[in-house]
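The structure file structure_8.txt is reproduced below (compact mmCIF, C-alpha atoms).
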# COMPACT_ATOMS: atom_id res chain seq x y z
CA MET A 1 29.91 -18.23 -158.36
CA ALA A 2 29.38 -21.88 -159.19
CA LYS A 3 26.20 -23.90 -159.33
CA ILE A 4 26.35 -27.26 -157.59
CA SER A 5 23.94 -30.16 -157.18
CA LEU A 6 24.68 -32.96 -154.81
CA VAL A 7 22.97 -35.39 -152.50
CA VAL A 8 23.51 -34.87 -148.78
CA ASN A 9 22.25 -37.54 -146.40
CA GLY A 10 19.89 -38.77 -149.08
CA ASN A 11 18.42 -35.34 -149.87
CA PRO A 12 19.10 -33.53 -153.16
CA VAL A 13 20.71 -30.13 -152.60
CA ASN A 14 21.21 -27.31 -155.14
CA ALA A 15 23.22 -24.20 -154.40
CA ASN A 16 25.09 -21.33 -155.96
CA ILE A 17 28.36 -20.89 -154.12
CA ASP A 18 31.72 -19.18 -154.23
CA PRO A 19 34.11 -21.83 -155.60
CA ARG A 20 36.35 -21.19 -152.59
CA THR A 21 33.75 -22.70 -150.26
CA LEU A 22 35.14 -25.74 -148.48
CA LEU A 23 32.84 -28.74 -148.21
CA VAL A 24 32.87 -28.42 -144.42
CA GLN A 25 31.87 -24.75 -144.64
CA PHE A 26 29.10 -25.60 -147.08
CA LEU A 27 27.73 -28.31 -144.80
CA ARG A 28 27.89 -26.21 -141.65
CA GLU A 29 27.03 -22.74 -142.90
CA ASN A 30 24.77 -23.32 -145.91
CA LEU A 31 23.05 -26.51 -144.82
CA ARG A 32 23.35 -25.94 -141.06
CA LEU A 33 24.63 -29.48 -140.59
CA THR A 34 26.87 -28.52 -137.70
CA GLY A 35 27.66 -32.06 -136.58
CA THR A 36 30.71 -31.99 -138.86
CA HIS A 37 33.36 -30.02 -137.00
CA VAL A 38 36.32 -27.89 -137.96
CA GLY A 39 39.23 -28.76 -135.70
CA CYS A 40 42.67 -28.05 -137.09
CA ASP A 41 41.55 -26.90 -140.56
CA THR A 42 44.81 -28.41 -141.89
CA SER A 43 43.68 -32.00 -142.71
CA GLN A 44 45.36 -33.49 -139.65
CA CYS A 45 42.76 -33.88 -136.89
CA GLY A 46 39.83 -35.58 -138.64
CA ALA A 47 37.03 -33.71 -136.82
CA CYS A 48 35.64 -32.85 -140.29
CA VAL A 49 35.52 -36.39 -141.70
CA VAL A 50 32.43 -37.10 -143.85
CA HIS A 51 31.75 -39.74 -146.48
CA LEU A 52 32.02 -38.69 -150.12
CA ASP A 53 30.56 -41.41 -152.35
CA GLY A 54 30.89 -43.75 -149.38
CA LYS A 55 34.54 -43.00 -148.61
CA ALA A 56 35.87 -41.11 -145.60
CA VAL A 57 37.37 -37.75 -146.59
CA LYS A 58 38.41 -34.61 -144.79
CA ALA A 59 35.80 -31.99 -145.58
CA CYS A 60 38.18 -29.17 -144.63
CA THR A 61 40.42 -30.18 -147.54
CA THR A 62 37.71 -30.70 -150.14
CA LEU A 63 36.05 -27.95 -152.14
CA ALA A 64 32.26 -28.04 -152.17
CA VAL A 65 32.41 -27.66 -155.99
CA MET A 66 34.41 -30.89 -156.16
CA ALA A 67 31.42 -32.65 -154.55
CA ASP A 68 29.13 -31.44 -157.34
CA GLY A 69 27.31 -34.49 -158.71
CA HIS A 70 28.35 -36.66 -155.79
CA GLU A 71 26.88 -38.03 -152.57
CA VAL A 72 27.84 -36.80 -149.14
CA ARG A 73 26.97 -38.42 -145.84
CA THR A 74 27.53 -36.66 -142.54
CA ILE A 75 27.10 -37.73 -138.92
CA GLU A 76 23.49 -36.47 -139.13
CA GLY A 77 22.86 -39.01 -141.91
CA LEU A 78 23.81 -42.12 -139.92
CA ALA A 79 20.40 -42.54 -138.28
CA ALA A 80 17.07 -40.77 -138.81
CA ASP A 81 15.92 -38.12 -136.32
CA GLY A 82 14.13 -39.73 -133.39
CA ALA A 83 15.06 -43.25 -134.56
CA PRO A 84 17.48 -45.42 -132.57
CA LEU A 85 21.13 -44.40 -132.94
CA HIS A 86 23.42 -45.99 -135.53
CA PRO A 87 25.22 -48.95 -133.88
CA MET A 88 28.56 -47.07 -134.02
CA GLN A 89 27.01 -44.05 -132.27
CA GLU A 90 25.38 -46.36 -129.73
CA ALA A 91 28.73 -48.06 -129.09
CA PHE A 92 30.40 -44.70 -128.39
CA ARG A 93 27.59 -43.90 -125.92
CA GLU A 94 27.70 -47.31 -124.28
CA HIS A 95 31.51 -47.45 -123.92
CA HIS A 96 31.97 -43.79 -123.09
CA GLY A 97 34.02 -43.22 -126.23
CA LEU A 98 34.02 -39.48 -125.78
CA GLN A 99 35.02 -36.91 -123.23
CA CYS A 100 34.48 -33.41 -124.60
CA GLY A 101 32.89 -34.84 -127.77
CA PHE A 102 34.49 -32.49 -130.28
CA CYS A 103 36.32 -35.21 -132.22
CA THR A 104 33.43 -37.68 -131.96
CA PRO A 105 31.59 -37.07 -135.27
CA GLY A 106 34.86 -37.49 -137.18
CA MET A 107 35.82 -40.52 -135.13
CA ILE A 108 32.46 -42.16 -135.83
CA MET A 109 32.50 -41.39 -139.57
CA THR A 110 36.05 -42.74 -139.79
CA ALA A 111 35.02 -45.83 -137.81
CA VAL A 112 32.02 -46.55 -140.07
CA ASP A 113 34.25 -46.20 -143.16
CA LEU A 114 36.75 -48.55 -141.51
CA VAL A 115 34.07 -51.20 -140.98
CA HIS A 116 32.98 -50.84 -144.62
CA ARG A 117 36.57 -51.45 -145.76
CA LYS A 118 37.86 -53.97 -143.23
CA GLY A 119 34.83 -55.75 -141.86
CA ASN A 120 33.21 -56.27 -138.48
CA ASP A 121 35.98 -58.04 -136.62
CA LEU A 122 38.66 -55.43 -136.01
CA SER A 123 41.78 -55.92 -133.92
CA ASP A 124 42.96 -53.30 -131.50
CA ARG A 125 46.04 -52.77 -133.68
CA THR A 126 44.03 -52.25 -136.86
CA ILE A 127 41.77 -49.72 -135.16
CA ARG A 128 44.73 -47.78 -133.76
CA GLU A 129 46.49 -47.73 -137.13
CA GLU A 130 43.34 -46.62 -138.92
CA LEU A 131 42.84 -43.76 -136.45
CA GLU A 132 46.06 -42.21 -137.75
CA GLY A 133 44.16 -39.20 -139.08
CA ASN A 134 41.83 -38.59 -136.13
CA LEU A 135 43.04 -36.77 -133.07
CA CYS A 136 41.37 -36.65 -129.64
CA ARG A 137 42.69 -33.76 -127.59
CA CYS A 138 41.23 -35.33 -124.45
CA THR A 139 43.44 -38.34 -125.30
CA GLY A 140 40.50 -40.64 -124.64
CA TYR A 141 41.75 -43.22 -127.10
CA GLN A 142 41.26 -46.32 -124.93
CA ASN A 143 37.51 -46.01 -124.92
CA ILE A 144 37.38 -44.81 -128.53
CA VAL A 145 39.15 -48.01 -129.58
CA LEU A 146 36.82 -50.09 -127.38
CA SER A 147 33.78 -48.33 -128.85
CA ILE A 148 34.89 -48.91 -132.45
CA ALA A 149 35.53 -52.61 -131.84
CA ALA A 150 32.08 -52.98 -130.27
CA GLY A 151 30.38 -50.78 -132.87
CA ALA A 152 31.92 -52.80 -135.68
CA LYS A 153 30.51 -56.01 -134.24
CA ALA A 154 27.10 -54.42 -133.67
CA MET A 155 26.99 -53.20 -137.27
CA ALA A 156 27.04 -56.82 -138.45
CA LYS A 157 23.64 -57.33 -136.80
CA SER A 158 22.14 -54.00 -137.81
CA ASP A 159 20.20 -52.82 -140.86
CA LEU A 160 22.02 -49.48 -140.69
CA ALA A 161 25.21 -49.45 -142.79
CA MET B 1 42.01 -18.62 -149.72
CA TYR B 2 41.92 -16.09 -152.55
CA GLU B 3 39.27 -16.16 -155.27
CA PHE B 4 39.63 -18.43 -158.28
CA ARG B 5 37.57 -19.81 -161.13
CA TYR B 6 36.87 -23.54 -161.09
CA HIS B 7 36.93 -25.63 -164.28
CA ARG B 8 35.95 -29.24 -164.66
CA PRO B 9 37.16 -30.56 -168.04
CA ALA B 10 35.96 -33.92 -169.34
CA THR B 11 39.15 -34.78 -171.24
CA VAL B 12 42.90 -34.27 -170.90
CA ARG B 13 42.85 -32.23 -174.10
CA GLN B 14 40.25 -29.85 -172.66
CA ALA B 15 42.28 -29.59 -169.47
CA ALA B 16 45.45 -28.75 -171.42
CA ASN B 17 43.58 -26.09 -173.41
CA LEU B 18 42.34 -24.52 -170.19
CA LEU B 19 45.91 -24.43 -168.88
CA LEU B 20 47.13 -22.88 -172.12
CA LYS B 21 44.40 -20.23 -172.16
CA ASN B 22 44.57 -19.24 -168.51
CA GLU B 23 47.89 -18.03 -167.27
CA ASP B 24 48.90 -19.27 -163.81
CA ALA B 25 46.10 -21.85 -163.81
CA LYS B 26 46.77 -24.83 -161.56
CA VAL B 27 45.74 -28.44 -161.91
CA ILE B 28 43.88 -30.02 -158.99
CA ALA B 29 42.99 -33.70 -158.53
CA GLY B 30 42.82 -34.79 -154.87
CA GLY B 31 43.73 -31.30 -153.68
CA HIS B 32 45.51 -32.57 -150.58
CA THR B 33 48.60 -30.49 -151.17
CA LEU B 34 47.22 -27.63 -153.22
CA LEU B 35 44.24 -26.75 -151.01
CA PRO B 36 46.25 -26.50 -147.75
CA VAL B 37 48.76 -24.30 -149.58
CA MET B 38 45.95 -22.12 -150.97
CA LYS B 39 44.36 -21.85 -147.53
CA GLN B 40 47.64 -20.52 -146.19
CA ARG B 41 47.71 -18.09 -149.14
CA LEU B 42 51.08 -19.44 -150.19
CA ALA B 43 49.50 -20.10 -153.60
CA SER B 44 46.73 -18.11 -155.22
CA PRO B 45 46.01 -19.57 -158.66
CA PRO B 46 43.30 -17.57 -160.48
CA HIS B 47 42.04 -20.77 -162.15
CA LEU B 48 41.74 -24.35 -160.91
CA VAL B 49 41.45 -27.13 -163.48
CA ASP B 50 39.96 -30.21 -161.80
CA LEU B 51 41.16 -33.48 -163.34
CA SER B 52 39.20 -35.70 -160.99
CA HIS B 53 36.26 -36.14 -163.35
CA ILE B 54 38.21 -37.13 -166.46
CA GLU B 55 37.16 -40.67 -167.26
CA GLY B 56 39.79 -43.35 -167.57
CA LEU B 57 42.54 -41.31 -165.96
CA ASP B 58 42.59 -43.41 -162.79
CA GLY B 59 42.93 -46.91 -164.27
CA ILE B 60 45.43 -49.55 -163.20
CA GLU B 61 46.54 -52.30 -165.58
CA MET B 62 49.43 -54.50 -166.68
CA LYS B 63 50.86 -53.75 -170.10
CA GLY B 64 53.46 -56.35 -171.01
CA ARG B 65 56.04 -56.24 -168.23
CA SER B 66 54.95 -52.86 -166.95
CA LEU B 67 52.45 -51.84 -164.33
CA VAL B 68 50.58 -48.79 -165.58
CA ILE B 69 48.88 -46.51 -163.06
CA GLY B 70 46.63 -43.63 -164.15
CA ALA B 71 47.50 -40.19 -162.82
CA THR B 72 44.33 -39.71 -160.78
CA ALA B 73 44.48 -43.13 -159.10
CA THR B 74 44.26 -42.41 -155.37
CA HIS B 75 46.74 -43.72 -152.82
CA ASN B 76 43.97 -45.93 -151.47
CA THR B 77 43.26 -47.39 -154.92
CA VAL B 78 46.95 -48.20 -155.41
CA ALA B 79 47.30 -49.59 -151.88
CA THR B 80 44.35 -51.95 -152.27
CA SER B 81 44.67 -52.85 -155.97
CA ALA B 82 45.07 -56.59 -156.53
CA ILE B 83 47.01 -55.83 -159.74
CA VAL B 84 49.53 -53.64 -157.91
CA GLY B 85 49.72 -56.08 -154.99
CA GLU B 86 50.62 -58.89 -157.32
CA ALA B 87 53.03 -57.04 -159.63
CA ILE B 88 54.87 -54.70 -157.24
CA PRO B 89 53.73 -55.30 -153.66
CA ALA B 90 56.28 -52.76 -152.41
CA LEU B 91 54.44 -50.06 -154.32
CA ALA B 92 51.09 -51.02 -152.78
CA GLU B 93 52.71 -50.93 -149.33
CA LEU B 94 54.23 -47.53 -150.05
CA ALA B 95 50.85 -46.10 -151.06
CA GLY B 96 49.30 -47.51 -147.87
CA LEU B 97 51.87 -45.61 -145.77
CA ILE B 98 50.94 -42.18 -147.13
CA GLY B 99 49.06 -39.87 -144.76
CA ASP B 100 45.97 -41.42 -143.19
CA PRO B 101 42.92 -43.31 -144.58
CA ALA B 102 40.95 -40.14 -145.43
CA VAL B 103 43.96 -38.53 -147.11
CA ARG B 104 44.55 -41.72 -149.11
CA HIS B 105 40.97 -41.56 -150.39
CA LYS B 106 41.72 -38.24 -152.09
CA GLY B 107 45.45 -37.87 -152.78
CA THR B 108 46.65 -39.09 -156.18
CA ILE B 109 49.87 -40.49 -157.60
CA GLY B 110 50.00 -37.82 -160.32
CA GLY B 111 49.53 -35.04 -157.80
CA SER B 112 52.26 -36.40 -155.56
CA LEU B 113 54.72 -36.59 -158.45
CA ALA B 114 53.85 -33.18 -159.91
CA ASN B 115 54.35 -31.61 -156.49
CA ASN B 116 57.73 -33.33 -155.96
CA ASP B 117 57.76 -32.72 -152.24
CA PRO B 118 61.24 -33.69 -151.03
CA THR B 119 59.67 -35.87 -148.33
CA ALA B 120 57.05 -37.57 -150.53
CA ASP B 121 57.10 -41.34 -151.05
CA TYR B 122 56.26 -41.88 -154.72
CA PRO B 123 59.35 -40.09 -156.10
CA ALA B 124 61.56 -42.72 -154.43
CA ALA B 125 59.55 -45.52 -156.06
CA CYS B 126 59.76 -43.89 -159.49
CA LEU B 127 63.50 -43.37 -159.28
CA ALA B 128 64.30 -46.84 -157.89
CA LEU B 129 61.99 -48.72 -160.25
CA GLY B 130 63.01 -46.66 -163.29
CA ALA B 131 59.44 -45.60 -163.99
CA THR B 132 58.34 -43.67 -167.05
CA ILE B 133 56.19 -40.63 -166.36
CA VAL B 134 53.80 -40.18 -169.26
CA THR B 135 52.27 -36.77 -169.97
CA ASN B 136 49.94 -35.43 -172.65
CA LYS B 137 53.09 -34.40 -174.54
CA ARG B 138 55.92 -36.87 -173.90
CA ARG B 139 57.48 -39.62 -171.81
CA LEU B 140 59.94 -38.69 -169.09
CA LYS B 141 62.43 -40.71 -167.08
CA PRO B 142 62.54 -39.82 -163.37
CA GLU B 143 66.01 -38.31 -163.80
CA GLU B 144 64.56 -35.84 -166.32
CA PHE B 145 61.31 -35.30 -164.44
CA PHE B 146 62.50 -34.49 -160.91
CA GLN B 147 64.33 -31.16 -160.90
CA GLY B 148 64.93 -30.43 -157.23
CA LEU B 149 62.70 -29.19 -154.43
CA PHE B 150 59.06 -28.92 -155.50
CA THR B 151 60.29 -28.61 -159.08
CA THR B 152 59.68 -30.83 -162.10
CA SER B 153 60.27 -30.50 -165.82
CA LEU B 154 56.50 -30.27 -166.45
CA GLU B 155 55.59 -27.36 -168.71
CA SER B 156 52.73 -25.05 -167.77
CA ASP B 157 50.22 -26.85 -170.02
CA GLU B 158 51.61 -30.33 -169.46
CA ILE B 159 49.61 -32.92 -167.52
CA ILE B 160 50.74 -36.27 -166.17
CA THR B 161 48.43 -38.95 -167.57
CA LYS B 162 50.01 -42.14 -166.26
CA VAL B 163 53.07 -43.71 -164.72
CA MET B 164 54.61 -46.92 -166.07
CA PHE B 165 56.58 -49.07 -163.64
CA PRO B 166 58.67 -51.92 -165.06
CA VAL B 167 58.15 -54.90 -162.75
CA PRO B 168 61.33 -55.55 -160.67
CA LYS B 169 62.56 -58.95 -159.48
CA LYS B 170 62.44 -57.79 -155.89
CA ALA B 171 61.64 -54.52 -154.20
CA ALA B 172 60.88 -52.98 -150.83
CA TYR B 173 60.30 -49.56 -149.33
CA ILE B 174 61.10 -48.71 -145.74
CA LYS B 175 60.01 -45.39 -144.35
CA PHE B 176 61.00 -43.73 -141.12
CA ARG B 177 58.13 -41.36 -140.50
CA ASN B 178 58.05 -38.01 -138.88
CA GLN B 179 55.78 -38.73 -135.92
CA ALA B 180 53.62 -35.64 -136.47
CA SER B 181 53.35 -35.17 -140.23
CA ARG B 182 53.76 -38.84 -141.25
CA TYR B 183 55.94 -37.69 -144.12
CA ALA B 184 59.23 -39.51 -144.56
CA LEU B 185 62.04 -38.23 -142.36
CA VAL B 186 63.92 -40.71 -144.52
CA GLY B 187 62.50 -43.31 -146.89
CA VAL B 188 64.54 -45.82 -148.88
CA PHE B 189 63.22 -47.74 -151.88
CA VAL B 190 65.38 -50.66 -153.04
CA ALA B 191 64.67 -52.40 -156.35
CA LYS B 192 66.47 -55.41 -157.79
CA ARG B 193 65.82 -55.04 -161.49
CA PRO B 194 66.68 -57.54 -164.23
CA SER B 195 69.90 -55.69 -165.12
CA ASP B 196 70.83 -53.66 -162.04
CA VAL B 197 69.95 -52.64 -158.50
CA ARG B 198 68.69 -49.21 -157.57
CA VAL B 199 68.53 -47.52 -154.19
CA ALA B 200 66.52 -44.29 -154.03
CA VAL B 201 66.23 -42.05 -151.00
CA THR B 202 63.49 -39.55 -150.16
CA GLY B 203 63.15 -37.17 -147.22
CA ALA B 204 66.88 -36.65 -146.80
CA GLY B 205 68.30 -34.87 -149.82
CA SER B 206 68.39 -31.08 -149.91
CA GLU B 207 67.65 -31.34 -153.64
CA GLY B 208 64.92 -33.95 -153.28
CA VAL B 209 65.00 -37.63 -154.16
CA PHE B 210 68.38 -39.17 -155.09
CA ARG B 211 70.15 -42.50 -155.70
CA VAL B 212 72.94 -44.01 -153.61
CA THR B 213 75.21 -45.45 -156.29
CA SER B 214 77.77 -46.90 -153.85
CA PHE B 215 75.04 -49.04 -152.27
CA GLU B 216 73.74 -49.99 -155.71
CA GLU B 217 77.14 -51.30 -156.83
CA ALA B 218 77.62 -53.33 -153.65
CA LEU B 219 74.11 -54.79 -153.97
CA LYS B 220 74.58 -55.60 -157.64
CA LYS B 221 77.48 -57.88 -156.68
CA ARG B 222 75.49 -59.49 -153.91
CA PHE B 223 71.85 -58.71 -153.17
CA SER B 224 71.97 -59.15 -149.42
CA HIS B 225 71.81 -56.67 -146.56
CA LYS B 226 75.23 -58.00 -145.56
CA ALA B 227 76.67 -56.43 -148.70
CA LEU B 228 76.01 -53.07 -147.07
CA ASP B 229 77.79 -53.91 -143.79
CA GLY B 230 80.02 -51.03 -142.78
CA MET B 231 78.89 -48.86 -145.66
CA THR B 232 77.75 -45.30 -144.98
CA VAL B 233 76.67 -42.24 -146.90
CA PRO B 234 78.19 -38.79 -146.38
CA ALA B 235 76.05 -36.21 -144.58
CA ASP B 236 76.99 -33.52 -147.13
CA GLY B 237 73.97 -32.27 -149.03
CA LEU B 238 71.46 -33.83 -146.65
CA ASN B 239 68.72 -31.86 -144.89
CA SER B 240 69.28 -30.67 -141.37
CA ASP B 241 66.29 -29.27 -139.48
CA LEU B 242 64.44 -29.47 -136.17
CA HIS B 243 63.38 -33.04 -137.00
CA GLY B 244 66.90 -34.38 -137.46
CA SER B 245 70.46 -33.42 -138.34
CA ALA B 246 72.13 -34.31 -141.64
CA GLU B 247 74.30 -36.84 -139.75
CA TYR B 248 71.18 -38.47 -138.28
CA ARG B 249 69.59 -38.70 -141.72
CA ALA B 250 72.81 -40.18 -143.17
CA HIS B 251 72.73 -42.82 -140.44
CA LEU B 252 69.08 -43.56 -141.14
CA ILE B 253 69.74 -44.02 -144.88
CA ALA B 254 72.25 -46.81 -144.18
CA VAL B 255 69.98 -48.48 -141.61
CA LEU B 256 66.84 -48.27 -143.74
CA ALA B 257 68.64 -49.43 -146.89
CA ARG B 258 69.70 -52.59 -145.04
CA ARG B 259 66.16 -53.13 -143.76
CA ALA B 260 64.76 -52.59 -147.25
CA VAL B 261 67.10 -55.20 -148.74
CA GLU B 262 66.17 -57.60 -145.96
CA ALA B 263 62.48 -57.00 -146.62
CA ALA B 264 62.95 -57.40 -150.38
CA THR B 265 64.85 -60.68 -150.03
CA ALA B 266 62.19 -62.02 -147.67
CA LYS B 267 59.60 -61.75 -150.46
CA PRO B 268 59.36 -64.36 -153.19
CA ASP B 269 60.60 -63.37 -156.65
CA VAL B 270 57.95 -61.77 -158.80
CA SER B 271 57.47 -63.57 -162.06
CA VAL B 272 55.54 -62.03 -164.89
CA ALA B 273 53.92 -64.44 -167.28
Could you express the structure from this file as structure tokens?
Amino acid sequence: MAKISLVVNGNPVNANIDPRTLLVQFLRENLRLTGTHVGCDTSQCGACVVHLDGKAVKACTTLAVMADGHEVRTIEGLAADGAPLHPMQEAFREHHGLQCGFCTPGMIMTAVDLVHRKGNDLSDRTIREELEGNLCRCTGYQNIVLSIAAGAKAMAKSDLA
Amino acid sequence: MYEFRYHRPATVRQAANLLLKNEDAKVIAGGHTLLPVMKQRLASPPHLVDLSHIEGLDGIEMKGRSLVIGATATHNTVATSAIVGEAIPALAELAGLIGDPAVRHKGTIGGSLANNDPTADYPAACLALGATIVTNKRRLKPEEFFQGLFTTSLESDEIITKVMFPVPKKAAYIKFRNQASRYALVGVFVAKRPSDVRVAVTGAGSEGVFRVTSFEEALKKRFSHKALDGMTVPADGLNSDLHGSAEYRAHLIAVLARRAVEAATAKPDVSVA
């Protein structure tokens, strides 16, 4: 077993875990943060994307012990419970950027990371290239791309990062 | 995934001691090759030695005429580094073509080299640029380091600490990606160095990365894609699988080499003060 301490969505978390535990398992099963999904479990689909120290990573290919001493942000951490949605979430709602919704948390976490790296004015081409590691089995990419472009712009006017 | 013990050393020396003490221990940094392999139970190391918290192992700097990249520098760090972009832009572009953004945030140059996947990108850069792979024990040239499929000359307690790339006059990397995996079906790195030209190919060779000396000689006489007109490489010894035949890969090598030379000549000469 291994003792870990990390910060998840702003809250300190301590746990004693089997070192084999994947970060995504830890988030879902230990912390019950089930917004982060397991899709392919082979680091291809991006349904498990979370932010580790502010950078998008695939939580199915990260050990929870490797996050010891670090900060994790999941889809649940974008906006407080009951508060208005994060502008990227709102953009997905507004532009119907989801069909079944399974890929959505990963899409949104990837999109927020993209805005942090490349700014608020994103071309269609940039968005499509950056979605390389996020798959939508419903193939609803048109509206996902629209949502990200709109969400990126909205983030410029929002207090939520 | 089978059980293992996790170690987080603070120095390279501690890491090497852990490797020496624990038989079959494996080094992990980004984990983007090792963890998928462990999940499939194709590897079951009883000990994992995590290098990702060793300070100073991920630095990027110029030392004289060489670009020095720390072993745990991520693909994203290399792709976006102003130092890399200025010294060897082809290397920054190569790093930006690996995997996807989330993978690039975790995967490291040292991990990629130590794994020596025959379709990985960095081995082509090392071979074409004539890099020196520095470990806790010695300095290795790519020809000594790469030993065929997924095989290197690293000893069991040897750890890559940095990679030194001499700055070329011109360089470019062109990759033809497998549409699903994004690994190179064929990738060609061309480097015009002060004394010679090197052409290194990844993704195609059944023994991993290799040089095309016939192309190198033609390009040394005249560094233009036209120097390669009509030149081909034999399909012998190239991979043939569901993604492409050996003949197809041979064809791609010639096409991509021309494109790489064109791309390299389109860039201004790099001058190092």
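For chain A, the residues close to chain B, meaning within 6 Å and counting only C-alpha atoms, are Ala56, Val57, Glu132 and Gly133 of chain A.
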Restrict the selected residues to C-alpha atoms and save them as a tab-separated table (two decimals), in the coordinates of the input.
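Writing done, so here's out34.tsv:
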chain	number	residue	atom	x	y	z
A	56	ALA	CA	35.87	-41.11	-145.60
A	57	VAL	CA	37.37	-37.75	-146.59
A	132	GLU	CA	46.06	-42.21	-137.75
A	133	GLY	CA	44.16	-39.20	-139.08
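Distances to Arg198 of chain B were evaluated for B:Leu97, B:Val84, B:Leu127, B:Ala16 using all atoms listed in the file, and the minimum falls at B:Leu127.
For the residues A:Ala152, A:Val24, A:Cys136, A:Cys103, ranking by smallest atom-to-atom distance to Asp124 of chain A using only C-alpha atoms places A:Ala152 first.
In this structure, atom CA of Ile133 of chain B sits 10.1 Å away from atom CA of Ala114 of chain B.
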*Excluding same-chain residues fewer than 3 positions from Phe210 of chain B, what lies within 10 Å of it counting only C-alpha atoms, as a list in words?*
Pro118, Pro123, Ala124, Leu127, Ala128, Glu143, Phe146, Gly148, Val188, Val199, Ala200, Val201, Thr202, Gly203, Ala204, Gly205, Ser206, Glu207 and Thr213 of chain B
*Excluding same-chain residues fewer than 4 positions from Asn136 of chain B, what lies within 7 Å of it counting all atoms listed in the file, as a PyMOL selection string?*
chain B and resi 158-161
*Looking at all atoms listed in the file, which of B:Lys221, B:Pro142, B:Leu67, B:Leu185 is the one that sits closest to Asp241 of chain B?*
B:Leu185
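Each of B:Ile69, B:Ala254, B:Met62, B:Ala95 was compared to Thr132 of chain B using all atoms listed in the file, and B:Ile69 turns out to be the nearest.
Distance-wise, atom CA of Asn178 of chain B and atom CA of Lys141 of chain B end up 28.7 Å apart.
Atom CA of Thr110 of chain A sits 16.2 Å away from atom CA of Gly96 of chain B.
With all atoms listed in the file as the atoms that count, the residue of A:Ile17, A:Met109, A:Ala80, A:Leu98 with the shortest distance to Ile4 of chain A is A:Ile17.
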_Counting only C-alpha atoms, which residue out of A:Asn134, A:Thr62, A:Thr36, A:Gln44 sits closest to Arg20 of chain A?_
A:Thr62
